[in-house]
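> Got a file for you: model_16.json, JSON, C-alpha atoms and all ligand atoms.
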```json
[["chain", "number", "residue", "atom", "x", "y", "z"],
["A", 1, "MET", "CA", -44.43, 0.10, 61.27],
["A", 2, "ASN", "CA", -42.18, -1.98, 63.53],
["A", 3, "ILE", "CA", -43.84, -3.18, 66.76],
["A", 4, "VAL", "CA", -41.46, -4.89, 69.19],
["A", 5, "VAL", "CA", -42.90, -7.24, 71.81],
["A", 6, "ALA", "CA", -40.48, -7.40, 74.74],
["A", 7, "SER", "CA", -40.26, -8.44, 78.38],
["A", 8, "GLY", "CA", -37.68, -8.16, 81.11],
["A", 9, "LYS", "CA", -37.44, -11.95, 81.41],
["A", 10, "GLY", "CA", -38.44, -15.14, 79.64],
["A", 11, "GLY", "CA", -41.65, -17.07, 80.29],
["A", 12, "THR", "CA", -44.03, -14.09, 80.53],
["A", 13, "GLY", "CA", -45.95, -15.01, 77.38],
["A", 14, "LYS", "CA", -44.14, -12.61, 75.04],
["A", 15, "THR", "CA", -44.18, -15.04, 72.11],
["A", 16, "MET", "CA", -47.87, -15.82, 72.67],
["A", 17, "VAL", "CA", -48.63, -12.09, 72.43],
["A", 18, "SER", "CA", -46.44, -11.69, 69.30],
["A", 19, "VAL", "CA", -48.01, -14.65, 67.52],
["A", 20, "ASN", "CA", -51.60, -13.65, 68.31],
["A", 21, "LEU", "CA", -50.98, -10.01, 67.49],
["A", 22, "ALA", "CA", -49.48, -10.89, 64.10],
["A", 23, "TRP", "CA", -52.26, -13.40, 63.38],
["A", 24, "SER", "CA", -55.04, -10.92, 64.14],
["A", 25, "ILE", "CA", -53.45, -8.17, 62.02],
["A", 26, "SER", "CA", -52.88, -10.60, 59.15],
["A", 27, "GLN", "CA", -56.64, -11.22, 58.89],
["A", 28, "SER", "CA", -57.02, -7.80, 57.28],
["A", 29, "ARG", "CA", -53.55, -6.77, 56.03],
["A", 30, "GLU", "CA", -50.20, -8.23, 55.12],
["A", 31, "THR", "CA", -48.00, -8.78, 58.17],
["A", 32, "HIS", "CA", -44.46, -9.92, 58.93],
["A", 33, "LEU", "CA", -43.76, -11.79, 62.16],
["A", 34, "ILE", "CA", -40.04, -11.78, 62.98],
["A", 35, "ASP", "CA", -38.66, -13.97, 65.75],
["A", 36, "CYS", "CA", -35.63, -12.10, 67.14],
["A", 37, "ASP", "CA", -35.19, -14.39, 70.16],
["A", 38, "ALA", "CA", -32.24, -15.95, 68.32],
["A", 39, "GLU", "CA", -30.94, -17.96, 71.29],
["A", 40, "GLU", "CA", -34.31, -19.58, 72.01],
["A", 41, "PRO", "CA", -36.59, -19.02, 69.04],
["A", 42, "ASN", "CA", -40.03, -20.60, 69.42],
["A", 43, "VAL", "CA", -42.37, -18.74, 67.04],
["A", 44, "HIS", "CA", -41.77, -21.68, 64.67],
["A", 45, "LEU", "CA", -43.54, -23.99, 67.16],
["A", 46, "PHE", "CA", -46.78, -22.20, 66.24],
["A", 47, "TYR", "CA", -45.98, -22.51, 62.53],
["A", 48, "PRO", "CA", -44.45, -25.88, 61.74],
["A", 49, "GLY", "CA", -44.01, -26.79, 58.09],
["A", 50, "ARG", "CA", -41.76, -25.99, 55.18],
["A", 51, "LYS", "CA", -39.29, -23.14, 55.48],
["A", 52, "THR", "CA", -36.48, -21.68, 53.42],
["A", 53, "GLU", "CA", -33.13, -21.40, 55.19],
["A", 54, "GLU", "CA", -30.38, -18.82, 54.65],
["A", 55, "PRO", "CA", -27.10, -19.14, 56.56],
["A", 56, "VAL", "CA", -25.89, -16.14, 58.58],
["A", 57, "THR", "CA", -22.14, -15.60, 58.50],
["A", 58, "VAL", "CA", -19.70, -13.21, 60.12],
["A", 59, "LYS", "CA", -16.18, -12.32, 58.97],
["A", 60, "VAL", "CA", -13.31, -13.84, 60.94],
["A", 61, "PRO", "CA", -9.55, -13.57, 60.44],
["A", 62, "GLU", "CA", -7.45, -16.15, 58.63],
["A", 63, "VAL", "CA", -3.68, -15.98, 59.04],
["A", 64, "SER", "CA", -1.28, -16.82, 56.22],
["A", 65, "SER", "CA", 1.58, -18.83, 57.76],
["A", 66, "GLU", "CA", 3.75, -17.85, 54.78],
["A", 67, "LYS", "CA", 3.38, -14.12, 55.43],
["A", 68, "CYS", "CA", 3.16, -14.13, 59.24],
["A", 69, "THR", "CA", 6.34, -13.05, 61.05],
["A", 70, "LEU", "CA", 4.95, -13.94, 64.51],
["A", 71, "CYS", "CA", 5.38, -10.30, 65.55],
["A", 72, "GLY", "CA", 2.56, -10.56, 68.12],
["A", 73, "ALA", "CA", 0.70, -7.37, 67.14],
["A", 74, "CYS", "CA", -2.65, -9.11, 66.43],
["A", 75, "GLY", "CA", -2.63, -10.94, 69.80],
["A", 76, "GLU", "CA", -1.88, -7.69, 71.62],
["A", 77, "PHE", "CA", -4.70, -5.93, 69.83],
["A", 78, "CYS", "CA", -7.44, -8.51, 70.41],
["A", 79, "ARG", "CA", -9.20, -7.65, 73.67],
["A", 80, "TYR", "CA", -11.34, -10.80, 73.48],
["A", 81, "GLY", "CA", -8.43, -13.27, 73.56],
["A", 82, "ALA", "CA", -9.58, -14.76, 70.25],
["A", 83, "ILE", "CA", -6.18, -14.61, 68.60],
["A", 84, "SER", "CA", -2.94, -15.55, 70.39],
["A", 85, "VAL", "CA", 0.57, -15.60, 69.01],
["A", 86, "LEU", "CA", 2.53, -18.67, 70.19],
["A", 87, "THR", "CA", 6.21, -19.51, 69.62],
["A", 88, "LYS", "CA", 5.65, -21.13, 66.25],
["A", 89, "THR", "CA", 2.13, -20.31, 65.22],
["A", 90, "VAL", "CA", -0.89, -18.04, 65.63],
["A", 91, "MET", "CA", -3.84, -19.67, 67.41],
["A", 92, "PHE", "CA", -7.37, -18.49, 66.58],
["A", 93, "GLN", "CA", -10.44, -19.36, 68.69],
["A", 94, "ALA", "CA", -13.45, -18.61, 66.50],
["A", 95, "HIS", "CA", -16.08, -18.71, 69.25],
["A", 96, "LEU", "CA", -14.35, -15.80, 71.07],
["A", 97, "CYS", "CA", -14.07, -13.59, 67.99],
["A", 98, "HIS", "CA", -16.35, -10.53, 67.76],
["A", 99, "SER", "CA", -15.49, -9.88, 64.08],
["A", 100, "CYS", "CA", -14.21, -6.38, 64.81],
["A", 101, "GLY", "CA", -11.53, -6.60, 62.10],
["A", 102, "GLY", "CA", -8.93, -4.97, 64.38],
["A", 103, "CYS", "CA", -6.33, -7.72, 64.08],
["A", 104, "LEU", "CA", -6.37, -7.32, 60.30],
["A", 105, "LEU", "CA", -5.65, -3.61, 60.63],
["A", 106, "SER", "CA", -2.92, -4.16, 63.22],
["A", 107, "CYS", "CA", -0.95, -6.70, 61.14],
["A", 108, "PRO", "CA", 2.21, -5.08, 59.69],
["A", 109, "ALA", "CA", 2.89, -8.03, 57.37],
["A", 110, "ASP", "CA", -0.48, -8.07, 55.59],
["A", 111, "ALA", "CA", -0.79, -11.69, 56.73],
["A", 112, "ILE", "CA", -4.45, -11.61, 57.75],
["A", 113, "THR", "CA", -7.48, -11.85, 55.48],
["A", 114, "GLU", "CA", -11.16, -12.15, 56.45],
["A", 115, "VAL", "CA", -13.19, -15.25, 55.67],
["A", 116, "PRO", "CA", -16.89, -15.96, 56.28],
["A", 117, "ARG", "CA", -17.90, -18.22, 59.17],
["A", 118, "ARG", "CA", -21.45, -19.49, 59.77],
["A", 119, "ILE", "CA", -23.03, -18.63, 63.14],
["A", 120, "GLY", "CA", -26.71, -19.29, 62.50],
["A", 121, "MET", "CA", -29.50, -19.02, 59.98],
["A", 122, "VAL", "CA", -32.64, -17.14, 59.03],
["A", 123, "THR", "CA", -35.68, -19.22, 58.14],
["A", 124, "GLN", "CA", -38.72, -17.98, 56.30],
["A", 125, "SER", "CA", -42.20, -19.40, 55.70],
["A", 126, "GLN", "CA", -45.59, -18.18, 54.51],
["A", 127, "PRO", "CA", -48.32, -19.81, 56.61],
["A", 128, "SER", "CA", -50.97, -17.75, 54.80],
["A", 129, "SER", "CA", -51.07, -15.35, 51.85],
["A", 130, "SER", "CA", -50.98, -12.38, 54.26],
["A", 131, "LEU", "CA", -48.54, -13.66, 56.91],
["A", 132, "THR", "CA", -44.78, -14.15, 56.51],
["A", 133, "VAL", "CA", -42.87, -15.70, 59.40],
["A", 134, "ILE", "CA", -39.12, -15.07, 59.71],
["A", 135, "SER", "CA", -36.91, -16.56, 62.43],
["A", 136, "GLY", "CA", -33.33, -15.73, 63.37],
["A", 137, "ILE", "CA", -31.70, -18.84, 64.84],
["A", 138, "LEU", "CA", -28.25, -18.83, 66.45],
["A", 139, "ASP", "CA", -26.21, -22.02, 66.08],
["A", 140, "GLU", "CA", -25.49, -23.91, 69.30],
["A", 141, "GLY", "CA", -22.38, -22.65, 71.12],
["A", 142, "GLU", "CA", -22.30, -19.33, 69.25],
["A", 143, "ILE", "CA", -22.49, -15.99, 71.04],
["A", 144, "ALA", "CA", -23.13, -13.41, 68.34],
["A", 145, "ALA", "CA", -26.94, -13.23, 68.64],
["A", 146, "PRO", "CA", -27.11, -9.56, 67.51],
["A", 147, "ALA", "CA", -25.66, -10.49, 64.08],
["A", 148, "VAL", "CA", -28.39, -13.12, 63.59],
["A", 149, "ILE", "CA", -31.07, -10.68, 64.78],
["A", 150, "THR", "CA", -29.82, -8.07, 62.31],
["A", 151, "ALA", "CA", -30.02, -10.64, 59.49],
["A", 152, "ALA", "CA", -33.59, -11.62, 60.49],
["A", 153, "LYS", "CA", -34.66, -7.97, 60.61],
["A", 154, "GLU", "CA", -33.10, -7.31, 57.21],
["A", 155, "ALA", "CA", -34.89, -10.35, 55.76],
["A", 156, "GLY", "CA", -38.23, -9.05, 57.06],
["A", 157, "GLU", "CA", -37.68, -5.37, 56.30],
["A", 158, "TRP", "CA", -40.49, -3.71, 54.33],
["A", 159, "ASP", "CA", -42.89, -0.75, 54.44],
["A", 160, "GLY", "CA", -45.79, -2.63, 56.05],
["A", 161, "VAL", "CA", -46.45, -3.94, 59.56],
["A", 162, "SER", "CA", -43.81, -6.07, 61.28],
["A", 163, "ILE", "CA", -44.18, -7.68, 64.70],
["A", 164, "LEU", "CA", -40.79, -8.42, 66.26],
["A", 165, "ASP", "CA", -40.72, -10.99, 69.04],
["A", 166, "GLY", "CA", -37.74, -9.81, 71.10],
["A", 167, "PRO", "CA", -35.36, -11.77, 73.31],
["A", 168, "PRO", "CA", -35.94, -11.55, 77.08],
["A", 169, "GLY", "CA", -33.81, -9.32, 79.31],
["A", 170, "SER", "CA", -32.18, -5.99, 78.60],
["A", 171, "ALA", "CA", -28.79, -6.89, 77.06],
["A", 172, "CYS", "CA", -27.35, -6.34, 73.55],
["A", 173, "PRO", "CA", -29.76, -8.70, 71.68],
["A", 174, "VAL", "CA", -32.76, -6.77, 73.06],
["A", 175, "ILE", "CA", -31.22, -3.44, 72.12],
["A", 176, "GLU", "CA", -30.50, -4.76, 68.61],
["A", 177, "THR", "CA", -34.16, -5.88, 68.31],
["A", 178, "MET", "CA", -35.55, -2.55, 69.58],
["A", 179, "GLU", "CA", -33.31, -0.45, 67.35],
["A", 180, "GLY", "CA", -35.55, 1.35, 64.83],
["A", 181, "ALA", "CA", -38.83, 0.24, 66.47],
["A", 182, "ASP", "CA", -41.83, 2.59, 66.33],
["A", 183, "VAL", "CA", -43.43, 1.24, 69.49],
["A", 184, "CYS", "CA", -42.73, -1.37, 72.14],
["A", 185, "ILE", "CA", -45.27, -3.65, 73.82],
["A", 186, "LEU", "CA", -43.95, -4.79, 77.22],
["A", 187, "VAL", "CA", -45.41, -8.10, 78.41],
["A", 188, "THR", "CA", -45.42, -8.68, 82.16],
["A", 189, "GLU", "CA", -46.97, -10.70, 84.96],
["A", 190, "SER", "CA", -48.28, -9.15, 88.18],
["A", 191, "THR", "CA", -45.66, -10.67, 90.50],
["A", 192, "PRO", "CA", -42.89, -8.84, 92.41],
["A", 193, "SER", "CA", -40.23, -10.22, 90.04],
["A", 194, "GLY", "CA", -42.45, -9.46, 87.03],
["A", 195, "LEU", "CA", -42.68, -5.85, 88.18],
["A", 196, "ALA", "CA", -38.90, -5.59, 88.66],
["A", 197, "ASP", "CA", -38.37, -6.92, 85.12],
["A", 198, "LEU", "CA", -41.03, -4.57, 83.73],
["A", 199, "ARG", "CA", -39.22, -1.62, 85.32],
["A", 200, "ARG", "CA", -35.99, -2.64, 83.55],
["A", 201, "ALA", "CA", -37.68, -3.14, 80.18],
["A", 202, "ALA", "CA", -39.54, 0.19, 80.51],
["A", 203, "ARG", "CA", -36.27, 2.00, 81.34],
["A", 204, "LEU", "CA", -34.62, 0.49, 78.28],
["A", 205, "ALA", "CA", -37.47, 1.54, 75.95],
["A", 206, "GLU", "CA", -37.35, 5.01, 77.45],
["A", 207, "ALA", "CA", -33.57, 5.23, 77.03],
["A", 208, "LEU", "CA", -33.94, 4.27, 73.37],
["A", 209, "GLY", "CA", -36.72, 6.84, 72.92],
["A", 210, "ILE", "CA", -39.35, 4.22, 71.99],
["A", 211, "PRO", "CA", -42.92, 4.78, 73.24],
["A", 212, "ALA", "CA", -44.31, 1.78, 75.12],
["A", 213, "GLY", "CA", -47.52, 0.15, 76.30],
["A", 214, "VAL", "CA", -48.02, -2.81, 78.65],
["A", 215, "VAL", "CA", -49.80, -6.16, 78.37],
["A", 216, "ILE", "CA", -50.45, -7.93, 81.68],
["A", 217, "ASN", "CA", -50.48, -11.68, 81.12],
["A", 218, "ARG", "CA", -51.86, -14.45, 83.35],
["A", 219, "SER", "CA", -53.55, -11.88, 85.57],
["A", 220, "ASP", "CA", -55.14, -13.19, 88.78],
["A", 221, "GLY", "CA", -56.88, -9.85, 89.27],
["A", 222, "GLU", "CA", -54.27, -8.63, 91.78],
["A", 223, "ASP", "CA", -52.60, -6.16, 89.43],
["A", 224, "GLY", "CA", -52.46, -3.17, 91.80],
["A", 225, "PRO", "CA", -48.65, -2.65, 91.97],
["A", 226, "THR", "CA", -48.25, -3.09, 88.20],
["A", 227, "LEU", "CA", -51.08, -0.65, 87.47],
["A", 228, "ALA", "CA", -49.61, 1.83, 89.96],
["A", 229, "PHE", "CA", -46.17, 1.62, 88.30],
["A", 230, "CYS", "CA", -47.69, 2.13, 84.84],
["A", 231, "ALA", "CA", -49.73, 5.11, 86.05],
["A", 232, "GLU", "CA", -46.66, 6.63, 87.71],
["A", 233, "GLU", "CA", -44.56, 6.19, 84.55],
["A", 234, "GLY", "CA", -47.33, 7.24, 82.17],
["A", 235, "ILE", "CA", -47.26, 3.89, 80.36],
["A", 236, "PRO", "CA", -50.73, 2.79, 79.20],
["A", 237, "VAL", "CA", -51.93, -0.73, 80.00],
["A", 238, "LEU", "CA", -53.30, -1.92, 76.67],
["A", 239, "LEU", "CA", -54.51, -5.43, 77.41],
["A", 240, "THR", "CA", -54.96, -7.74, 80.41],
["A", 241, "ILE", "CA", -55.03, -11.47, 79.72],
["A", 242, "PRO", "CA", -56.48, -13.38, 82.67],
["A", 243, "PHE", "CA", -55.07, -16.59, 84.10],
["A", 244, "ASP", "CA", -57.47, -19.06, 82.47],
["A", 245, "ARG", "CA", -57.20, -22.83, 82.10],
["A", 246, "GLU", "CA", -58.78, -22.82, 78.64],
["A", 247, "ILE", "CA", -56.32, -20.21, 77.34],
["A", 248, "ALA", "CA", -53.43, -22.18, 78.87],
["A", 249, "ALA", "CA", -54.66, -25.41, 77.24],
["A", 250, "ILE", "CA", -54.89, -23.73, 73.79],
["A", 251, "GLN", "CA", -51.33, -22.42, 74.14],
["A", 252, "ASN", "CA", -49.98, -25.73, 75.44],
["A", 253, "ARG", "CA", -51.02, -27.52, 72.28],
["A", 254, "GLY", "CA", -49.29, -24.85, 70.16],
["A", 255, "ALA", "CA", -52.55, -23.38, 68.86],
["A", 256, "ILE", "CA", -53.29, -19.70, 68.27],
["A", 257, "LEU", "CA", -55.78, -18.24, 70.72],
["A", 258, "CYS", "CA", -57.19, -15.70, 68.24],
["A", 259, "ALA", "CA", -57.85, -18.42, 65.68],
["A", 260, "GLU", "CA", -59.98, -20.35, 68.18],
["A", 261, "LYS", "CA", -61.68, -17.57, 70.10],
["A", 262, "GLU", "CA", -63.32, -14.79, 68.09],
["A", 263, "GLU", "CA", -63.32, -12.33, 71.01],
["A", 264, "TRP", "CA", -59.52, -12.59, 71.36],
["A", 265, "LYS", "CA", -59.09, -11.81, 67.66],
["A", 266, "GLU", "CA", -60.84, -8.52, 68.39],
["A", 267, "PHE", "CA", -58.87, -7.86, 71.59],
["A", 268, "PHE", "CA", -55.55, -8.37, 69.81],
["A", 269, "PHE", "CA", -56.57, -6.25, 66.84],
["A", 270, "ARG", "CA", -57.47, -3.48, 69.29],
["A", 271, "LEU", "CA", -54.00, -3.94, 70.83],
["A", 272, "TYR", "CA", -52.56, -3.30, 67.35],
["A", 273, "GLU", "CA", -54.68, -0.17, 66.91],
["A", 274, "ASP", "CA", -53.63, 1.12, 70.34],
["A", 275, "ALA", "CA", -49.96, 0.42, 69.53],
["A", 276, "LEU", "CA", -50.35, 2.50, 66.35],
["A", 277, "THR", "CA", -51.86, 5.33, 68.39],
["A", 278, "ILE", "CA", -48.98, 5.18, 70.90],
["A", 279, "ALA", "CA", -46.46, 5.24, 68.07],
["A", 280, "THR", "CA", -47.94, 8.49, 66.85],
["A", 281, "GLY", "CA", -48.10, 10.01, 70.33],
["A", 282, "GLY", "CA", -51.86, 9.52, 70.77],
["A", 283, "ILE", "CA", -52.00, 7.60, 74.09],
["A", 284, "THR", "CA", -49.99, 8.76, 77.07],
["B", 301, "LIG", "S1", -11.56, -9.79, 64.46],
["B", 301, "LIG", "FE1", -11.43, -8.66, 66.41],
["B", 301, "LIG", "S2", -12.24, -10.08, 67.90],
["B", 301, "LIG", "FE2", -11.78, -11.30, 66.09],
["B", 301, "LIG", "S3", -9.71, -12.04, 66.44],
["B", 301, "LIG", "FE3", -9.52, -10.14, 65.30],
["B", 301, "LIG", "S4", -9.25, -8.56, 66.86],
["B", 301, "LIG", "FE4", -10.03, -10.38, 67.91],
["B", 302, "LIG", "S1", 0.09, -9.31, 63.39],
["B", 302, "LIG", "FE1", 0.31, -10.41, 61.46],
["B", 302, "LIG", "S2", 2.48, -10.90, 61.35],
["B", 302, "LIG", "FE2", 2.07, -10.33, 63.45],
["B", 302, "LIG", "S3", 1.63, -12.29, 64.48],
["B", 302, "LIG", "FE3", -0.32, -11.48, 63.82],
["B", 302, "LIG", "S4", -0.65, -12.35, 61.80],
["B", 302, "LIG", "FE4", 1.48, -12.66, 62.28]]
```
In structure tokens, what does this structure look like?

Amino acid sequence: MNIVVASGKGGTGKTMVSVNLAWSISQSRETHLIDCDAEEPNVHLFYPGRKTEEPVTVKVPEVSSEKCTLCGACGEFCRYGAISVLTKTVMFQAHLCHSCGGCLLSCPADAITEVPRRIGMVTQSQPSSSLTVISGILDEGEIAAPAVITAAKEAGEWDGVSILDGPPGSACPVIETMEGADVCILVTESTPSGLADLRRAARLAEALGIPAGVVINRSDGEDGPTLAFCAEEGIPVLLTIPFDREIAAIQNRGAILCAEKEEWKEFFFRLYEDALTIATGGIT
């Protein structure tokens, strides 16, 4: 069961929801928590301590100067401008390469081979016997977040429950995270911009055919427009977390709300149960 926690933008409390959801589930069954926000991972802030690290690599071209005839075919093929044929050499800019392998296929002289190049890493830790935390982390200056997300998902793949903390927005990294999800929990705030972002995230989940539910975070009680949108779209609101100084203080010191407040452990476990029901078509 893959449950993706997503939001249309950053700063809505998506990671807080992911961490608490995973923690509450892990009290009664084994759980994987996978941080797919590869450009700004912060699940690890809740779980400092020892981790294993596995590099993530992609394949990039390497040109043999002995075989290359400077014909120009690879440069013409590359739509990303990553490989350019100059008067006396072929110039390769690794950070522009999308590892499509096209230049290799286009080379008539068999002068190109593929070599691995590191773009990030996947870390793994076991904060408790029933909770495994996996993080995909993109190296600074790299652009291929989806490849790191794929590696993190593969590292955490199993038959049990996985909570995937998605990247914000609605671009390729979010799509990569949502791919194969059973249900999506959309975290939002009841502000005009929060509603606009929720609309986008809900459209994306719908386009990918993933059933969704909503969590309203930092609610000041004025949730009318958000509730109206959810009712209109048939998306159930599963949990409302009020704006509360004590909750904010717990989060600010990197602590887990459910671990400190018994009632929130129950609320988040109910969120899990409702997500399961949505995944099987039970709540509409
Ligand atoms: S692998 Fe693709 S993106 Fe990279 S240099 Fe070759 S053609 Fe360009
Ligand atoms: S296609 Fe092959 S032979 Fe032609 S410039 Fe590129 S590497 Fe050299």
> Find, counting all atoms listed in the file, the residue in A:Thr87, A:Ser24, A:Leu164, A:Ala6 that gets nearest to Glu260 in chain A.
A:Ser24
> Determine, using only C-alpha atoms and all ligand atoms, which residues of chain A have any atom at most 6 Å from an atom of ligand LIG 302 (chain B), and tabulate each with its shortest atom pair and distance in Å to one decimal place, rows ordered by chain and then rising number, as CSV.

```
residue,atom,partner,partner_atom,distance
A:Val63,CA,B:LIG302,S4,5.5
A:Cys68,CA,B:LIG302,FE4,3.8
A:Thr69,CA,B:LIG302,S2,4.4
A:Leu70,CA,B:LIG302,S3,3.7
A:Cys71,CA,B:LIG302,FE2,3.9
A:Gly72,CA,B:LIG302,S3,4.1
A:Ala73,CA,B:LIG302,S1,4.3
A:Cys74,CA,B:LIG302,S1,4.1
A:Val85,CA,B:LIG302,S3,5.7
A:Ser106,CA,B:LIG302,S1,6.0
A:Cys107,CA,B:LIG302,S1,3.6
A:Pro108,CA,B:LIG302,FE1,5.9
A:Ala109,CA,B:LIG302,S2,4.9
A:Ala111,CA,B:LIG302,FE1,5.0
A:Ile112,CA,B:LIG302,S4,5.6
```
> Could you list, as a list of chain:residue names, all the residues within 9 Å of ligand LIG 301 (chain B), counting only C-alpha atoms and all ligand atoms?
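Written in the requested form, the residues are A:Lys59, A:Val60, A:Pro61, A:Cys74, A:Gly75, A:Glu76, A:Phe77, A:Cys78, A:Arg79, A:Tyr80, A:Gly81, A:Ala82, A:Ile83, A:Ser84, A:Phe92, A:Gln93, A:Ala94, A:Leu96, A:Cys97, A:His98, A:Ser99, A:Cys100, A:Gly101, A:Gly102, A:Cys103, A:Leu104, A:Leu105, A:Ser106, A:Glu114.
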> For Ala205 in chain A, work out the shell of residues within 10 Å, counting all atoms listed in the file and skipping chain neighbours fewer than 6 positions away, then give it as a list in words.
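In the requested format, the answer is Ala6, Ser170, Val174, Ile175, Met178, Glu179, Ala181, Val183, Cys184, Ile185, Leu186, Pro211 and Ala212 of chain A.
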> From the list A:Ala259, A:Ile119, A:Leu208, A:Ile216, which residue is nearest Ser26 in chain A when using only C-alpha atoms?
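Of the candidates, the smallest distance to Ser26 in chain A is held by A:Ala259.
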